[in-house]
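Coordinates from run-v5.txt are shown below (compact mmCIF, C-alpha atoms).
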# COMPACT_ATOMS: atom_id res chain seq x y z
CA MET A 11 -42.73 -66.02 -131.62
CA PRO A 12 -46.16 -65.88 -133.25
CA PRO A 13 -46.73 -68.55 -135.90
CA SER A 14 -47.68 -65.88 -138.44
CA ASP A 15 -44.18 -64.39 -138.24
CA PRO A 16 -42.82 -65.04 -141.74
CA GLU A 17 -39.36 -65.59 -140.27
CA SER A 18 -40.51 -68.10 -137.65
CA ASP A 19 -39.24 -71.67 -137.79
CA ALA A 20 -42.75 -72.92 -138.54
CA CYS A 21 -43.29 -70.51 -141.44
CA LEU A 22 -39.87 -71.26 -142.90
CA PHE A 23 -40.55 -74.97 -142.63
CA GLU A 24 -43.92 -74.55 -144.36
CA ALA A 25 -42.14 -72.60 -147.10
CA VAL A 26 -39.78 -75.55 -147.51
CA ARG A 27 -42.71 -77.94 -147.77
CA ALA A 28 -44.39 -75.66 -150.29
CA GLY A 29 -41.21 -75.70 -152.36
CA GLU A 30 -40.61 -71.96 -152.25
CA PRO A 31 -37.40 -71.08 -154.07
CA GLY A 32 -34.50 -70.69 -151.70
CA ALA A 33 -36.46 -71.88 -148.67
CA TRP A 34 -34.52 -75.12 -148.24
CA GLU A 35 -31.19 -73.31 -148.33
CA ARG A 36 -32.42 -70.77 -145.76
CA PHE A 37 -33.68 -73.65 -143.66
CA VAL A 38 -30.33 -75.44 -143.82
CA SER A 39 -28.51 -72.22 -142.97
CA ARG A 40 -30.74 -71.61 -139.98
CA PHE A 41 -30.34 -75.04 -138.40
CA GLU A 42 -27.02 -76.43 -139.63
CA ARG A 43 -24.98 -75.16 -136.68
CA LEU A 44 -27.37 -76.88 -134.28
CA VAL A 45 -27.14 -80.15 -136.16
CA PHE A 46 -23.34 -79.99 -136.22
CA ALA A 47 -23.10 -79.02 -132.56
CA VAL A 48 -25.00 -82.04 -131.24
CA PRO A 49 -22.48 -84.79 -132.13
CA LEU A 50 -19.51 -82.56 -131.39
CA ARG A 51 -20.78 -81.66 -127.95
CA MET A 52 -21.79 -85.22 -127.24
CA GLY A 53 -18.12 -86.01 -127.72
CA LEU A 54 -17.94 -87.55 -131.19
CA SER A 55 -14.92 -86.84 -133.37
CA ARG A 56 -15.16 -84.22 -136.09
CA ALA A 57 -15.25 -86.90 -138.80
CA ASP A 58 -18.12 -88.68 -137.03
CA ALA A 59 -19.88 -85.37 -136.48
CA GLU A 60 -19.76 -84.78 -140.22
CA GLU A 61 -21.34 -88.20 -140.78
CA VAL A 62 -24.13 -87.44 -138.29
CA PHE A 63 -24.65 -84.05 -139.92
CA GLN A 64 -25.18 -85.56 -143.36
CA ASP A 65 -27.39 -88.38 -142.12
CA THR A 66 -29.59 -85.97 -140.17
CA TRP A 67 -30.25 -83.82 -143.22
CA VAL A 68 -30.98 -86.84 -145.39
CA ILE A 69 -33.45 -88.14 -142.81
CA LEU A 70 -35.10 -84.74 -142.52
CA HIS A 71 -35.37 -84.40 -146.26
CA ARG A 72 -37.01 -87.81 -146.55
CA HIS A 73 -39.53 -87.03 -143.80
CA LEU A 74 -40.51 -83.51 -144.81
CA ALA A 75 -44.04 -84.53 -145.67
CA HIS A 76 -44.57 -86.51 -142.49
CA ILE A 77 -43.55 -84.06 -139.77
CA ARG A 78 -46.73 -83.15 -137.92
CA GLU A 79 -45.67 -80.19 -135.81
CA PRO A 80 -43.91 -77.55 -137.90
CA ALA A 81 -43.63 -75.35 -134.80
CA SER A 82 -41.48 -78.01 -133.16
CA ILE A 83 -39.19 -78.50 -136.10
CA SER A 84 -36.07 -77.42 -134.20
CA SER A 85 -36.78 -80.02 -131.51
CA TRP A 86 -37.36 -82.63 -134.20
CA ILE A 87 -34.03 -81.81 -135.80
CA LEU A 88 -32.17 -81.85 -132.50
CA THR A 89 -33.74 -85.12 -131.44
CA THR A 90 -32.83 -86.71 -134.76
CA ALA A 91 -29.25 -85.48 -134.53
CA ARG A 92 -29.01 -86.79 -130.97
CA ARG A 93 -30.42 -90.19 -131.99
CA GLU A 94 -28.00 -90.44 -134.92
CA SER A 95 -25.13 -89.40 -132.64
CA GLY A 96 -26.12 -92.02 -130.07
CA ALA A 97 -26.32 -94.72 -132.74
CA LEU A 98 -22.89 -93.83 -134.08
CA MET A 99 -21.40 -93.77 -130.58
CA GLU A 100 -22.77 -97.25 -130.00
CA ARG A 101 -21.34 -98.41 -133.30
CA ARG A 102 -17.94 -96.98 -132.36
CA ARG A 103 -18.11 -98.80 -129.02
CA ARG A 104 -18.85 -102.08 -130.77
CA GLU A 105 -15.97 -101.51 -133.20
CA ARG A 106 -13.70 -100.71 -130.29
CA ARG A 107 -14.68 -103.87 -128.44
CA LEU A 108 -14.21 -105.90 -131.61
CA GLY A 109 -10.88 -104.22 -132.32
CA GLY A 110 -9.69 -104.97 -128.79
CA ALA A 111 -10.75 -108.61 -129.08
CA ILE A 112 -8.94 -109.03 -132.38
CA GLY A 113 -5.95 -106.75 -131.89
CA GLY A 114 -5.26 -107.61 -128.29
CA GLU A 115 -2.48 -105.28 -127.31
CA GLY A 116 -2.18 -101.58 -127.82
CA ASP A 117 -4.18 -98.60 -126.76
CA PRO A 118 -6.81 -97.87 -129.39
CA GLY A 119 -7.07 -94.30 -128.10
CA PRO A 120 -10.05 -92.50 -126.67
CA LEU A 121 -13.44 -93.51 -127.97
CA LEU A 122 -14.74 -89.97 -127.81
CA GLU A 123 -13.39 -86.46 -127.78
CA ALA A 124 -13.81 -84.49 -124.59
CA SER A 125 -17.51 -83.74 -124.39
CA ASP A 126 -19.21 -80.55 -123.29
CA GLU A 127 -18.34 -80.46 -119.58
CA ALA A 128 -19.17 -84.18 -119.45
CA LEU A 129 -22.88 -83.39 -119.70
CA GLY A 130 -25.44 -86.08 -120.45
CA PRO A 131 -27.13 -86.10 -123.87
CA GLU A 132 -30.28 -84.41 -122.55
CA GLU A 133 -28.28 -81.61 -120.96
CA VAL A 134 -26.21 -81.18 -124.09
CA LEU A 135 -29.42 -80.83 -126.04
CA GLU A 136 -30.81 -78.34 -123.54
CA ARG A 137 -27.70 -76.22 -123.75
CA ILE A 138 -27.77 -76.22 -127.54
CA GLU A 139 -31.47 -75.34 -127.55
CA GLU A 140 -30.81 -72.46 -125.17
CA ALA A 141 -28.02 -71.22 -127.42
CA GLU A 142 -30.36 -71.41 -130.40
CA ILE A 143 -33.14 -69.51 -128.62
CA VAL A 144 -30.69 -66.76 -127.72
CA ARG A 145 -29.32 -66.67 -131.26
CA GLU A 146 -32.84 -66.33 -132.67
CA ALA A 147 -33.73 -63.53 -130.27
CA LEU A 148 -30.47 -61.78 -131.04
CA ALA A 149 -31.20 -61.93 -134.75
CA ARG A 150 -34.30 -59.84 -134.14
CA LEU A 151 -32.57 -56.99 -132.35
CA ASP A 152 -31.70 -53.75 -134.12
CA GLU A 153 -28.59 -53.78 -136.26
CA ARG A 154 -26.30 -52.04 -133.78
CA CYS A 155 -27.18 -54.38 -130.91
CA ARG A 156 -26.94 -57.40 -133.20
CA GLU A 157 -23.49 -56.38 -134.32
CA LEU A 158 -22.24 -55.49 -130.86
CA LEU A 159 -23.54 -58.56 -129.02
CA GLY A 160 -22.78 -60.89 -131.90
CA ARG A 161 -19.17 -59.82 -132.01
CA LEU A 162 -18.78 -59.84 -128.24
CA TYR A 163 -20.41 -63.17 -127.55
CA LEU A 164 -20.83 -65.24 -130.71
CA SER A 165 -17.45 -64.92 -132.38
CA LYS A 166 -14.49 -67.15 -131.69
CA SER A 167 -12.23 -64.12 -131.15
CA PRO A 168 -14.19 -61.40 -129.36
CA PRO A 169 -12.88 -57.89 -130.11
CA SER A 170 -11.69 -55.43 -127.48
CA TYR A 171 -13.89 -52.49 -126.50
CA GLU A 172 -11.46 -50.26 -128.41
CA GLU A 173 -11.97 -52.26 -131.60
CA LEU A 174 -15.73 -52.28 -131.11
CA ALA A 175 -15.81 -48.52 -130.53
CA ARG A 176 -13.83 -47.93 -133.69
CA ASP A 177 -15.80 -50.36 -135.87
CA LEU A 178 -19.24 -49.31 -134.64
CA GLY A 179 -18.52 -45.60 -134.49
CA LEU A 180 -19.08 -45.39 -130.73
CA LYS A 181 -17.21 -43.48 -128.08
CA LEU A 182 -15.10 -45.85 -126.05
CA GLY A 183 -16.95 -44.89 -122.89
CA SER A 184 -20.32 -45.73 -124.36
CA VAL A 185 -19.49 -49.34 -125.38
CA GLY A 186 -20.18 -50.68 -121.89
CA PRO A 187 -23.54 -48.89 -121.40
CA THR A 188 -24.58 -49.80 -124.97
CA ARG A 189 -23.72 -53.43 -124.28
CA MET A 190 -25.91 -53.35 -121.18
CA ARG A 191 -28.82 -51.69 -123.02
CA CYS A 192 -28.57 -54.29 -125.79
CA LEU A 193 -28.40 -57.13 -123.28
CA ALA A 194 -31.51 -55.72 -121.61
CA LYS A 195 -33.34 -55.67 -124.97
CA LEU A 196 -32.29 -59.24 -125.54
CA ALA A 197 -33.38 -60.31 -122.07
CA GLU A 198 -36.76 -58.61 -122.59
CA ARG A 199 -37.31 -60.81 -125.60
CA LEU A 200 -36.44 -63.94 -123.66
CA ALA A 201 -38.31 -63.19 -120.45
CA PRO A 202 -41.46 -65.21 -119.76
CA ARG A 203 -44.63 -63.23 -120.45
CA MET B 23 -39.43 -50.27 -104.56
CA ASP B 24 -41.00 -50.54 -108.01
CA CYS B 25 -39.73 -53.30 -110.27
CA PRO B 26 -36.35 -52.15 -111.61
CA SER B 27 -35.31 -52.03 -115.27
CA PHE B 28 -33.84 -55.10 -116.96
CA GLU B 29 -30.50 -53.28 -117.03
CA THR B 30 -30.51 -53.23 -113.22
CA ILE B 31 -31.53 -56.88 -113.13
CA LEU B 32 -28.73 -57.78 -115.54
CA ALA B 33 -26.19 -55.86 -113.49
CA ALA B 34 -27.36 -57.84 -110.47
CA ALA B 35 -27.07 -61.09 -112.42
CA GLU B 36 -23.49 -60.23 -113.39
CA SER B 37 -22.48 -59.58 -109.80
CA ALA B 38 -25.02 -59.70 -106.96
CA PRO B 39 -28.28 -57.87 -106.24
CA ASP B 40 -27.76 -54.61 -104.39
CA ALA B 41 -29.44 -54.25 -101.02
CA GLU B 42 -32.55 -52.56 -102.38
CA LEU B 43 -33.14 -55.19 -105.07
CA ALA B 44 -32.39 -57.96 -102.59
CA ARG B 45 -35.10 -56.60 -100.28
CA HIS B 46 -37.48 -56.31 -103.24
CA LEU B 47 -36.87 -59.94 -104.16
CA ALA B 48 -37.13 -61.04 -100.56
CA ALA B 49 -40.51 -59.32 -100.40
CA GLY B 50 -41.68 -61.89 -102.94
CA CYS B 51 -41.74 -60.18 -106.35
CA SER B 52 -42.06 -63.24 -108.57
CA SER B 53 -41.82 -61.16 -111.74
CA CYS B 54 -38.39 -59.84 -110.80
CA ALA B 55 -37.30 -63.29 -109.63
CA ASP B 56 -38.23 -64.65 -113.08
CA ARG B 57 -36.38 -61.80 -114.79
CA LEU B 58 -33.31 -62.40 -112.67
CA ALA B 59 -33.41 -66.09 -113.58
CA THR B 60 -33.73 -65.16 -117.28
CA ALA B 61 -30.80 -62.75 -117.00
CA ARG B 62 -28.61 -65.39 -115.34
CA THR B 63 -29.48 -67.97 -117.98
CA LEU B 64 -28.80 -65.45 -120.74
CA LEU B 65 -25.39 -64.56 -119.33
CA ARG B 66 -24.52 -68.25 -118.92
CA VAL B 67 -25.49 -69.00 -122.52
CA LEU B 68 -23.54 -66.02 -123.83
CA ALA B 69 -20.49 -67.02 -121.81
CA ALA B 70 -20.49 -70.52 -123.32
CA ASP B 71 -18.59 -71.35 -126.48
CA PRO B 72 -20.51 -70.31 -129.60
CA LEU B 73 -21.85 -73.09 -131.81
CA GLU B 74 -19.32 -74.39 -134.28
CA ASP B 75 -19.34 -73.19 -137.88
CA VAL B 76 -20.24 -75.84 -140.44
CA PRO B 77 -17.60 -76.61 -143.09
CA ALA B 78 -18.59 -75.22 -146.48
CA GLU B 79 -18.58 -78.64 -148.13
CA LEU B 80 -21.05 -80.02 -145.59
CA HIS B 81 -23.31 -77.00 -146.08
CA ARG B 82 -23.17 -77.49 -149.83
CA ARG B 83 -24.16 -81.16 -149.52
CA ALA B 84 -27.08 -80.40 -147.24
CA VAL B 85 -28.30 -77.70 -149.59
CA ALA B 86 -27.91 -80.08 -152.54
CA LEU B 87 -30.53 -82.36 -150.99
CA GLY B 88 -33.17 -79.77 -151.74
CA GLU B 89 -32.07 -78.74 -155.19
CA GLY B 90 -34.51 -79.14 -158.00
CA ARG B 91 -37.46 -79.80 -155.72
CA ASP B 92 -40.25 -77.41 -156.65
CA SER B 93 -42.73 -78.67 -154.08
CA LEU B 94 -43.69 -81.80 -152.22
CA GLY B 95 -46.77 -82.00 -154.37
CA GLU B 96 -44.67 -81.85 -157.48
CA ARG B 97 -44.76 -85.03 -159.45
CA ILE B 98 -41.18 -86.15 -159.52
CA ARG B 99 -40.33 -88.03 -162.66
CA GLU B 100 -39.13 -91.23 -161.09
CA TRP B 101 -37.75 -94.25 -162.86
CA VAL B 102 -36.78 -97.54 -161.33
CA ALA B 103 -33.66 -98.77 -163.04
CA SER B 104 -33.24 -102.22 -164.49
CA PHE B 105 -29.99 -104.09 -164.75
CA VAL B 106 -28.97 -104.33 -168.38
CA ALA B 107 -28.19 -108.00 -168.93
CA PRO B 108 -29.00 -110.75 -171.37
CA PRO B 109 -32.50 -112.15 -170.84
CA ALA B 110 -32.76 -114.81 -168.18
CA ALA B 111 -29.29 -114.03 -166.90
CA ALA B 112 -28.97 -114.06 -163.14
CA VAL B 113 -28.11 -110.64 -161.75
CA PRO B 114 -24.69 -111.08 -160.17
CA ALA B 115 -23.69 -109.62 -156.86
CA PHE B 116 -21.63 -106.49 -157.23
CA ARG B 117 -18.21 -107.84 -156.34
CA GLY B 118 -15.16 -105.64 -155.96
CA SER B 119 -12.03 -106.82 -157.65
CA ALA B 120 -8.70 -105.50 -158.83
CA ALA B 121 -10.25 -104.76 -162.19
CA PRO B 122 -13.37 -102.74 -161.44
CA MET B 123 -16.55 -104.59 -162.22
CA GLN B 124 -18.98 -102.43 -164.13
CA ARG B 125 -22.71 -102.61 -164.28
CA LEU B 126 -25.10 -100.70 -166.44
CA TYR B 127 -28.66 -99.87 -165.47
CA ARG B 128 -31.33 -98.40 -167.69
CA ALA B 129 -34.12 -96.22 -166.35
CA GLY B 130 -36.45 -94.58 -168.85
CA PRO B 131 -34.38 -92.04 -170.79
CA PHE B 132 -31.45 -92.44 -168.43
CA GLU B 133 -28.62 -94.87 -167.89
CA VAL B 134 -26.62 -95.34 -164.71
CA ASP B 135 -23.14 -96.71 -165.11
CA LEU B 136 -21.64 -98.10 -161.88
CA ALA B 137 -18.20 -99.43 -161.04
CA LEU B 138 -17.14 -100.87 -157.71
CA LEU B 139 -13.45 -100.65 -156.97
CA SER B 140 -11.77 -103.19 -154.72
CA ASP B 141 -11.36 -100.78 -151.82
CA GLY B 142 -15.07 -100.16 -151.35
CA VAL B 143 -15.20 -97.17 -153.66
CA LEU B 144 -18.32 -96.95 -155.75
CA VAL B 145 -18.18 -94.61 -158.71
CA GLY B 146 -20.90 -93.94 -161.21
CA GLN B 147 -22.29 -91.72 -163.89
CA LEU B 148 -25.80 -90.72 -164.86
CA THR B 149 -26.23 -90.18 -168.56
CA GLY B 150 -29.35 -89.39 -170.47
CA GLU B 151 -30.84 -89.42 -173.88
CA GLU B 152 -32.65 -86.18 -173.23
CA ASP B 153 -31.03 -82.99 -174.38
CA ASP B 154 -32.28 -81.26 -171.29
CA LEU B 155 -30.60 -83.59 -168.82
CA PRO B 156 -30.16 -81.27 -165.82
CA ALA B 157 -26.62 -80.51 -164.78
CA GLY B 158 -25.74 -81.40 -161.20
CA GLY B 159 -27.82 -82.86 -158.42
CA TYR B 160 -27.17 -85.34 -155.68
CA VAL B 161 -27.03 -89.06 -155.03
CA VAL B 162 -28.06 -90.94 -151.92
CA LEU B 163 -26.82 -94.44 -151.15
CA TYR B 164 -29.08 -96.11 -148.59
CA GLY B 165 -27.46 -99.01 -146.79
CA ASP B 166 -28.11 -100.91 -143.60
CA GLY B 167 -29.30 -98.22 -141.20
CA ARG B 168 -27.45 -95.39 -142.91
CA ALA B 169 -27.63 -93.05 -145.85
CA ASP B 170 -24.66 -91.40 -147.54
CA THR B 171 -24.91 -88.50 -149.91
CA SER B 172 -22.72 -87.46 -152.77
CA SER B 173 -22.90 -84.62 -155.23
CA LEU B 174 -23.61 -85.21 -158.89
CA SER B 175 -21.09 -83.38 -161.04
CA GLU B 176 -22.09 -81.46 -164.13
CA ASP B 177 -21.05 -84.52 -166.13
CA GLY B 178 -23.34 -86.70 -164.03
CA GLU B 179 -20.51 -88.36 -162.13
CA PHE B 180 -20.60 -89.33 -158.46
CA ARG B 181 -18.45 -91.26 -156.00
CA PHE B 182 -18.87 -93.00 -152.62
CA GLU B 183 -16.04 -94.26 -150.45
CA GLY B 184 -16.07 -96.90 -147.74
CA VAL B 185 -19.13 -98.65 -149.10
CA ALA B 186 -20.07 -101.54 -146.84
CA PRO B 187 -21.10 -104.95 -148.16
CA GLY B 188 -24.79 -105.77 -148.24
CA PRO B 189 -27.99 -104.58 -149.89
CA HIS B 190 -28.24 -100.96 -150.92
CA VAL B 191 -30.61 -98.66 -152.74
CA LEU B 192 -29.14 -95.91 -154.86
CA VAL B 193 -31.17 -92.79 -155.66
CA VAL B 194 -29.84 -90.34 -158.23
CA ARG B 195 -31.64 -87.03 -158.23
CA SER B 196 -31.13 -84.39 -160.89
CA GLY B 197 -33.64 -81.63 -161.42
CA ASP B 198 -37.10 -83.16 -161.24
CA ALA B 199 -35.79 -86.55 -162.38
CA SER B 200 -35.19 -89.33 -159.92
CA VAL B 201 -33.58 -92.63 -160.84
CA VAL B 202 -33.77 -95.45 -158.31
CA VAL B 203 -31.47 -98.46 -158.46
CA PRO B 204 -33.08 -100.97 -156.10
CA ASP B 205 -31.55 -104.19 -154.84
CA LEU B 206 -27.97 -103.11 -155.30
CA GLU B 207 -26.14 -105.95 -153.62
CA ILE B 208 -22.58 -105.00 -152.73
CA ASP B 209 -20.14 -107.85 -152.26
CA LEU B 210 -16.60 -106.74 -151.55
CA GLY B 211 -15.29 -110.24 -152.14
Conversion result in structure tokens:
Amino acid sequence: MPPSDPESDACLFEAVRAGEPGAWERFVSRFERLVFAVPLRMGLSRADAEEVFQDTWVILHRHLAHIREPASISSWILTTARRESGALMERRRRERRLGGAIGGEGDPGPLLEASDEALGPEEVLERIEEAEIVREALARLDERCRELLGRLYLSKSPPSYEELARDLGLKLGSVGPTRMRCLAKLAERLAPR
Amino acid sequence: MDCPSFETILAAAESAPDAELARHLAAGCSSCADRLATARTLLRVLAADPLEDVPAELHRRAVALGEGRDSLGERIREWVASFVAPPAAAVPAFRGSAAPMQRLYRAGPFEVDLALLSDGVLVGQLTGEEDDLPAGGYVVLYGDGRADTSSLSEDGEFRFEGVAPGPHVLVVRSGDASVVVPDLEIDLG
């Protein structure tokens, strides 16, 4: 994405730094799902993920003036969320060891929730970054493709082709070909130049 | 064979390349190989669980961090609060007890009233002499290696739970006013 694109991460981040009204809220809305996904997919509990989420935004807010590469802001955010998640995991391990030493008997339960296919932190981050890149590219498709692909792939309860045909005013037989055309448009945007 | 459309490549990624495309790839078309790799990655990403939605309260707190900030270059009106105590009195540690211990800080036109409850709950209120004291804002409690945020109500009230013992810095932010309570020593007794 060219840096002059007013909707690019870098331009939005510069708008935040310039104090443009509403820019911070747009910035939070753009990145909050990434921040929340990191601790959850690294296996932290939901309560701990909420703690990491808040800490990451506080840290970002405090460092706004010091971030050197606005174009890499999403990586900066992800790295911070991963570091905070790692620190909290370590703290939980220490608490668990201490609890075991003091409490003795009893199963304190799992330290972590089931993580994303038992991936390492780097792979978790890669997967989340990939998801974000796809989401960004999808947001730039035309409205029909955005709606169709978004509902098929980004919602928790994907609709049937019948529901999609009805809601989008398509013939049932054209949902499949439209899906493929939209996927092709999306892939074009993601393909290396 | 000329390079096929992305739709053909995607269809191949969803199943397997047909014979013609397979021959084309085997002949060494790096462009189509790259496009096939992109298509496979795209389908894998789309097949994965979507990113989780953020609870509304968490979103609200993150947004609150940026409220009232016109620009980084803006001169924030910042006051460092002083403990209101008789001259020469030693500033006591903030000790939790059954009866909440209260402390009052003064910072320019503002006052910060704090009370630590015995179960590690810190409650407070920002009040001001100015008529234009902004409604709402946020509060950050910096402790040992962590920072917790809380919203400032329209009455200037805020609350933190599970406050750990040790040194803290409290920053109350409302509009362009920032009140800093440094050296807030929490002793849970």
Practice task
Give as a ChimeraX atom specification every residue of chain B that touches chain A within 8 Å, counting all atoms listed in the file.
Solution key: /B:28-29,32,56-57,60-61,64,67-69,71-76,80-81,83-85,87-88,91-95,168-171
Exercise for the section: Would you list the residues near (-31.8, -88.0, -155.7), meaning any protein, DNA or RNA residue with an atom at most 12 Å from that point in file coordinates, counting all atoms listed in the file, as a PyMOL selection string? Expected result: (chain A and resi 68+71-72) or (chain B and resi 83+86-91+98-101+148+158-164+169-174+178+180+191-203)
Problem - Atom-to-atom span, CA of Gly165 (chain B) and CA of Arg102 (chain A), Å - result: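 Rounded to one decimal, the two atoms are 17.4 Å apart.
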Exercise for the section: In Å, rounded to a single decimal, give me how far CA of Glu79 (chain A) is from CA of Leu135 (chain A). Expected result: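 About the pair CA of Leu135 (chain A) and CA of Glu79 (chain A): they are 19.0 Å apart.
For the pair CA of Pro131 (chain B) and CA of Gly150 (chain B), the interatomic distance is 5.7 Å.
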Exercise for the section: Give the answer as one residue: which of A:Arg106, A:Arg199, A:Arg154, A:Arg92 has the shortest atom-to-atom distance to Val185 (chain A), using all atoms listed in the file? Expected result: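 Looking at the shortest contact to Val185 (chain A), the residue is A:Arg154.
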